[in-house]
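This report refers to the structure that appears directly beneath it.
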Amino acid sequence: AQSVAQPEDQVNVAEGNPLTVKCTYSVSGNPYLFWYVQYPNRGLQFLLKYITGDNLVKGSYGFEAEFNKSQTSFHLKKPSALVSDSALYFCAVRDTNAGKSTFGDGTTLTVKP
Amino acid sequence: DSGVTQTPKHLITATGQRVTLRCSPRSGDLSVYWYQQSLDQGLQFLIQYYNGEERAKGNILERFSAQQFPDLHSELNLSSLELGDSALYFCASGGGQSSYNSPLHFGNGTRLTVT
């Protein structure tokens with residue numbers, strides 16, 4: 001069985017500061033890892049993914065994520081947070097042999113001016 | 001715009017009733033996934049269809065059923081509704097087995113309120 005843990009329900013940062021949203025995963029095979037963002041009353045939007053290759057992946061809106069196989073982590077990062085980054089963020093894992101994606105419980109990011 | 005269309009946007013109904021949620025996947029996508037999002041349980045996978053056939057099942061109640069039609073749109077049927085079924089129901093689409101490394105594309109959801 002595959003699982004995802006987002007240990008923080010809430011992350012608060014000041015605008016202009018770096019942000020990190022944490023994610024760890026468990027999967028039997030090789031993982032496909034994804035980050036999605038959800039704004040109020042909207043569906044989830046894809047931010048970035050790790051499939052293979054470089055452990056640092058870059059995505060939309062200046063976000064990036066670092067894959068760490070030994071720590072089974074895939075933390076989302078941004079060097080300088082914007083107030084408009086405030087939203088709900090989901091990490092997801094998909095086993096290369098399975099169809100369904102398993103999502104974490106989500107982390108609410110609040111960026112204060 | 002994700003290209004995934006869900007109708008209706010809002011649904012208010014009474015306990016014991018039955019409702020149908022509809023999803024049209026992004027053009028070219030063969031897979032449809034249904035998820036339930038509630039305040040206390042996050043995003044829960046319900047069921048996946050691929051090209052008309054059920055492919056994977058998650059935490060879907062026996063009172064719920066789904067199907068995918070030849071034109072690839074999907075319907076989620078919820079019956080004998082209970083207060084606890086109130087949630088946001090999302091449909092997502094994807095390319096299929098050969099594209100598990102591609103992200104899902106989500107609709108904006110149907111907000112179901114059971115009173």
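Letters A, B, ... mark the chains of the structure tokens in the order given; residue numbers begin at 1 per chain; ligand numbers begin at 1, in order shown.
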Need the shell around A:Gly16: protein/DNA/RNA residues with any atom at most 10 Å away, counting only C-alpha atoms. Skip same-chain ones fewer than 6 positions apart. Format as a list in words?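 Listed by chain and then number, they are Lys78, Pro79, Ser80, Ala81, Leu82, Val83, Val111, Lys112 and Pro113 of chain A.
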Can you tell me, as a short mmCIF file (atom, residue, chain, number, x, y, z; two decimals) with all heavy atoms, in the first residue's frame, what residues are no more than 7 Å from stretch 7-24 of chain B when counting only C-alpha atoms, ignoring any on the same chain fewer than 6 positions away?
```cif
data_model
loop_
_atom_site.label_atom_id
_atom_site.label_comp_id
_atom_site.auth_asym_id
_atom_site.auth_seq_id
_atom_site.Cartn_x
_atom_site.Cartn_y
_atom_site.Cartn_z
N HIS B 73 -17.53 10.21 -20.57
CA HIS B 73 -17.98 10.95 -19.40
C HIS B 73 -18.35 9.95 -18.30
O HIS B 73 -18.60 8.76 -18.58
CB HIS B 73 -19.14 11.90 -19.75
CG HIS B 73 -20.52 11.33 -19.58
ND1 HIS B 73 -21.19 10.67 -20.59
CD2 HIS B 73 -21.36 11.34 -18.52
CE1 HIS B 73 -22.38 10.29 -20.15
NE2 HIS B 73 -22.51 10.68 -18.90
N SER B 74 -18.36 10.43 -17.09
CA SER B 74 -18.60 9.54 -15.96
C SER B 74 -19.67 10.12 -15.05
O SER B 74 -19.86 11.34 -15.00
CB SER B 74 -17.31 9.34 -15.17
OG SER B 74 -17.51 8.52 -14.03
N GLU B 75 -20.36 9.26 -14.37
CA GLU B 75 -21.35 9.66 -13.38
C GLU B 75 -21.09 8.94 -12.06
O GLU B 75 -20.75 7.76 -12.06
CB GLU B 75 -22.76 9.37 -13.87
CG GLU B 75 -23.17 10.23 -15.05
CD GLU B 75 -24.58 9.97 -15.53
OE1 GLU B 75 -25.23 9.04 -15.00
OE2 GLU B 75 -25.03 10.69 -16.45
N LEU B 76 -21.25 9.69 -10.99
CA LEU B 76 -21.14 9.14 -9.64
C LEU B 76 -22.52 9.23 -9.01
O LEU B 76 -23.08 10.32 -8.91
CB LEU B 76 -20.11 9.92 -8.81
CG LEU B 76 -19.90 9.47 -7.36
CD1 LEU B 76 -19.27 8.09 -7.32
CD2 LEU B 76 -19.03 10.48 -6.62
N ASN B 77 -23.06 8.09 -8.64
CA ASN B 77 -24.39 8.04 -8.05
C ASN B 77 -24.28 7.81 -6.55
O ASN B 77 -23.61 6.87 -6.10
CB ASN B 77 -25.20 6.90 -8.67
CG ASN B 77 -25.36 7.07 -10.17
OD1 ASN B 77 -25.97 8.04 -10.62
ND2 ASN B 77 -24.80 6.17 -10.95
N LEU B 78 -24.92 8.67 -5.80
CA LEU B 78 -24.91 8.58 -4.34
C LEU B 78 -26.35 8.37 -3.87
O LEU B 78 -27.23 9.18 -4.20
CB LEU B 78 -24.34 9.86 -3.72
CG LEU B 78 -23.07 10.44 -4.35
CD1 LEU B 78 -22.70 11.76 -3.69
CD2 LEU B 78 -21.93 9.45 -4.27
N SER B 79 -26.60 7.29 -3.14
CA SER B 79 -27.97 7.01 -2.73
C SER B 79 -28.07 6.89 -1.21
O SER B 79 -27.05 6.82 -0.51
CB SER B 79 -28.45 5.71 -3.38
OG SER B 79 -27.64 4.62 -2.97
N SER B 80 -29.31 6.88 -0.74
CA SER B 80 -29.59 6.81 0.70
C SER B 80 -28.70 7.77 1.46
O SER B 80 -28.01 7.42 2.43
CB SER B 80 -29.39 5.39 1.21
OG SER B 80 -30.19 4.47 0.52
N LEU B 81 -28.71 9.00 1.01
CA LEU B 81 -27.76 9.98 1.51
C LEU B 81 -27.89 10.22 3.01
O LEU B 81 -29.00 10.25 3.57
CB LEU B 81 -27.92 11.29 0.74
CG LEU B 81 -27.34 11.26 -0.67
CD1 LEU B 81 -27.80 12.48 -1.48
CD2 LEU B 81 -25.81 11.18 -0.62
N GLU B 82 -26.73 10.43 3.62
CA GLU B 82 -26.65 10.73 5.05
C GLU B 82 -25.97 12.09 5.23
O GLU B 82 -25.30 12.57 4.32
CB GLU B 82 -25.85 9.63 5.77
CG GLU B 82 -26.43 8.24 5.59
CD GLU B 82 -25.55 7.16 6.20
OE1 GLU B 82 -24.47 7.49 6.74
OE2 GLU B 82 -25.95 5.97 6.13
N LEU B 83 -26.15 12.65 6.40
CA LEU B 83 -25.54 13.96 6.67
C LEU B 83 -24.03 13.94 6.44
O LEU B 83 -23.45 14.89 5.93
CB LEU B 83 -25.83 14.40 8.10
CG LEU B 83 -27.29 14.66 8.45
CD1 LEU B 83 -27.43 15.03 9.92
CD2 LEU B 83 -27.87 15.78 7.58
N CYS B 91 -13.84 15.21 -9.61
CA CYS B 91 -13.50 14.32 -10.69
C CYS B 91 -12.15 14.77 -11.24
O CYS B 91 -11.87 15.97 -11.32
CB CYS B 91 -14.59 14.39 -11.76
SG CYS B 91 -14.15 13.59 -13.30
N GLY B 109 -15.19 20.60 -8.98
CA GLY B 109 -15.91 19.92 -7.93
C GLY B 109 -17.40 20.18 -7.89
O GLY B 109 -17.90 21.17 -8.44
N THR B 110 -18.10 19.28 -7.23
CA THR B 110 -19.52 19.45 -6.90
C THR B 110 -19.62 19.48 -5.39
O THR B 110 -19.19 18.54 -4.72
CB THR B 110 -20.37 18.29 -7.45
OG1 THR B 110 -20.37 18.33 -8.87
CG2 THR B 110 -21.81 18.40 -6.93
N ARG B 111 -20.19 20.57 -4.87
CA ARG B 111 -20.36 20.65 -3.42
C ARG B 111 -21.73 20.11 -3.07
O ARG B 111 -22.76 20.67 -3.46
CB ARG B 111 -20.23 22.09 -2.93
CG ARG B 111 -20.38 22.20 -1.40
CD ARG B 111 -20.00 23.59 -0.90
NE ARG B 111 -18.60 23.90 -1.10
CZ ARG B 111 -17.60 23.45 -0.34
NH1 ARG B 111 -17.87 22.66 0.68
NH2 ARG B 111 -16.37 23.81 -0.58
N LEU B 112 -21.74 19.00 -2.35
CA LEU B 112 -22.98 18.35 -1.94
C LEU B 112 -23.27 18.68 -0.48
O LEU B 112 -22.42 18.47 0.38
CB LEU B 112 -22.87 16.83 -2.10
CG LEU B 112 -24.03 16.01 -1.56
CD1 LEU B 112 -25.30 16.29 -2.36
CD2 LEU B 112 -23.70 14.52 -1.59
N THR B 113 -24.47 19.16 -0.25
CA THR B 113 -24.93 19.43 1.11
C THR B 113 -26.16 18.59 1.36
O THR B 113 -27.16 18.71 0.63
CB THR B 113 -25.26 20.91 1.31
OG1 THR B 113 -24.11 21.70 1.02
CG2 THR B 113 -25.70 21.17 2.75
N VAL B 114 -26.09 17.73 2.37
CA VAL B 114 -27.22 16.90 2.75
C VAL B 114 -27.83 17.46 4.03
O VAL B 114 -27.13 17.64 5.03
CB VAL B 114 -26.79 15.43 2.96
CG1 VAL B 114 -28.01 14.57 3.29
CG2 VAL B 114 -26.08 14.90 1.72
N THR B 115 -29.12 17.76 3.99
CA THR B 115 -29.76 18.40 5.15
C THR B 115 -30.78 17.47 5.81
O THR B 115 -31.17 16.44 5.22
CB THR B 115 -30.49 19.69 4.74
OG1 THR B 115 -31.51 19.36 3.79
CG2 THR B 115 -29.51 20.67 4.11
#
```
Hey, which of A:Thr24, A:Gln38, A:Asn17, A:Gln10 ends up closest to A:Lys77? Count only C-alpha atoms.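 Comparing A:Thr24, A:Gln38, A:Asn17, A:Gln10 against A:Lys77, the winner is A:Asn17.
Using only C-alpha atoms, the smallest distance between any of A:Asn55, A:Arg42, A:Gly106, A:Ser101 and B:Ala56 comes from A:Ser101.
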Kindly provide, as a ChimeraX atom specification, the residues of chain A having any atom no farther than 10 Å from an atom of chain B, counting only C-alpha atoms. /A:31-36,38,40-52,90,92,94-106
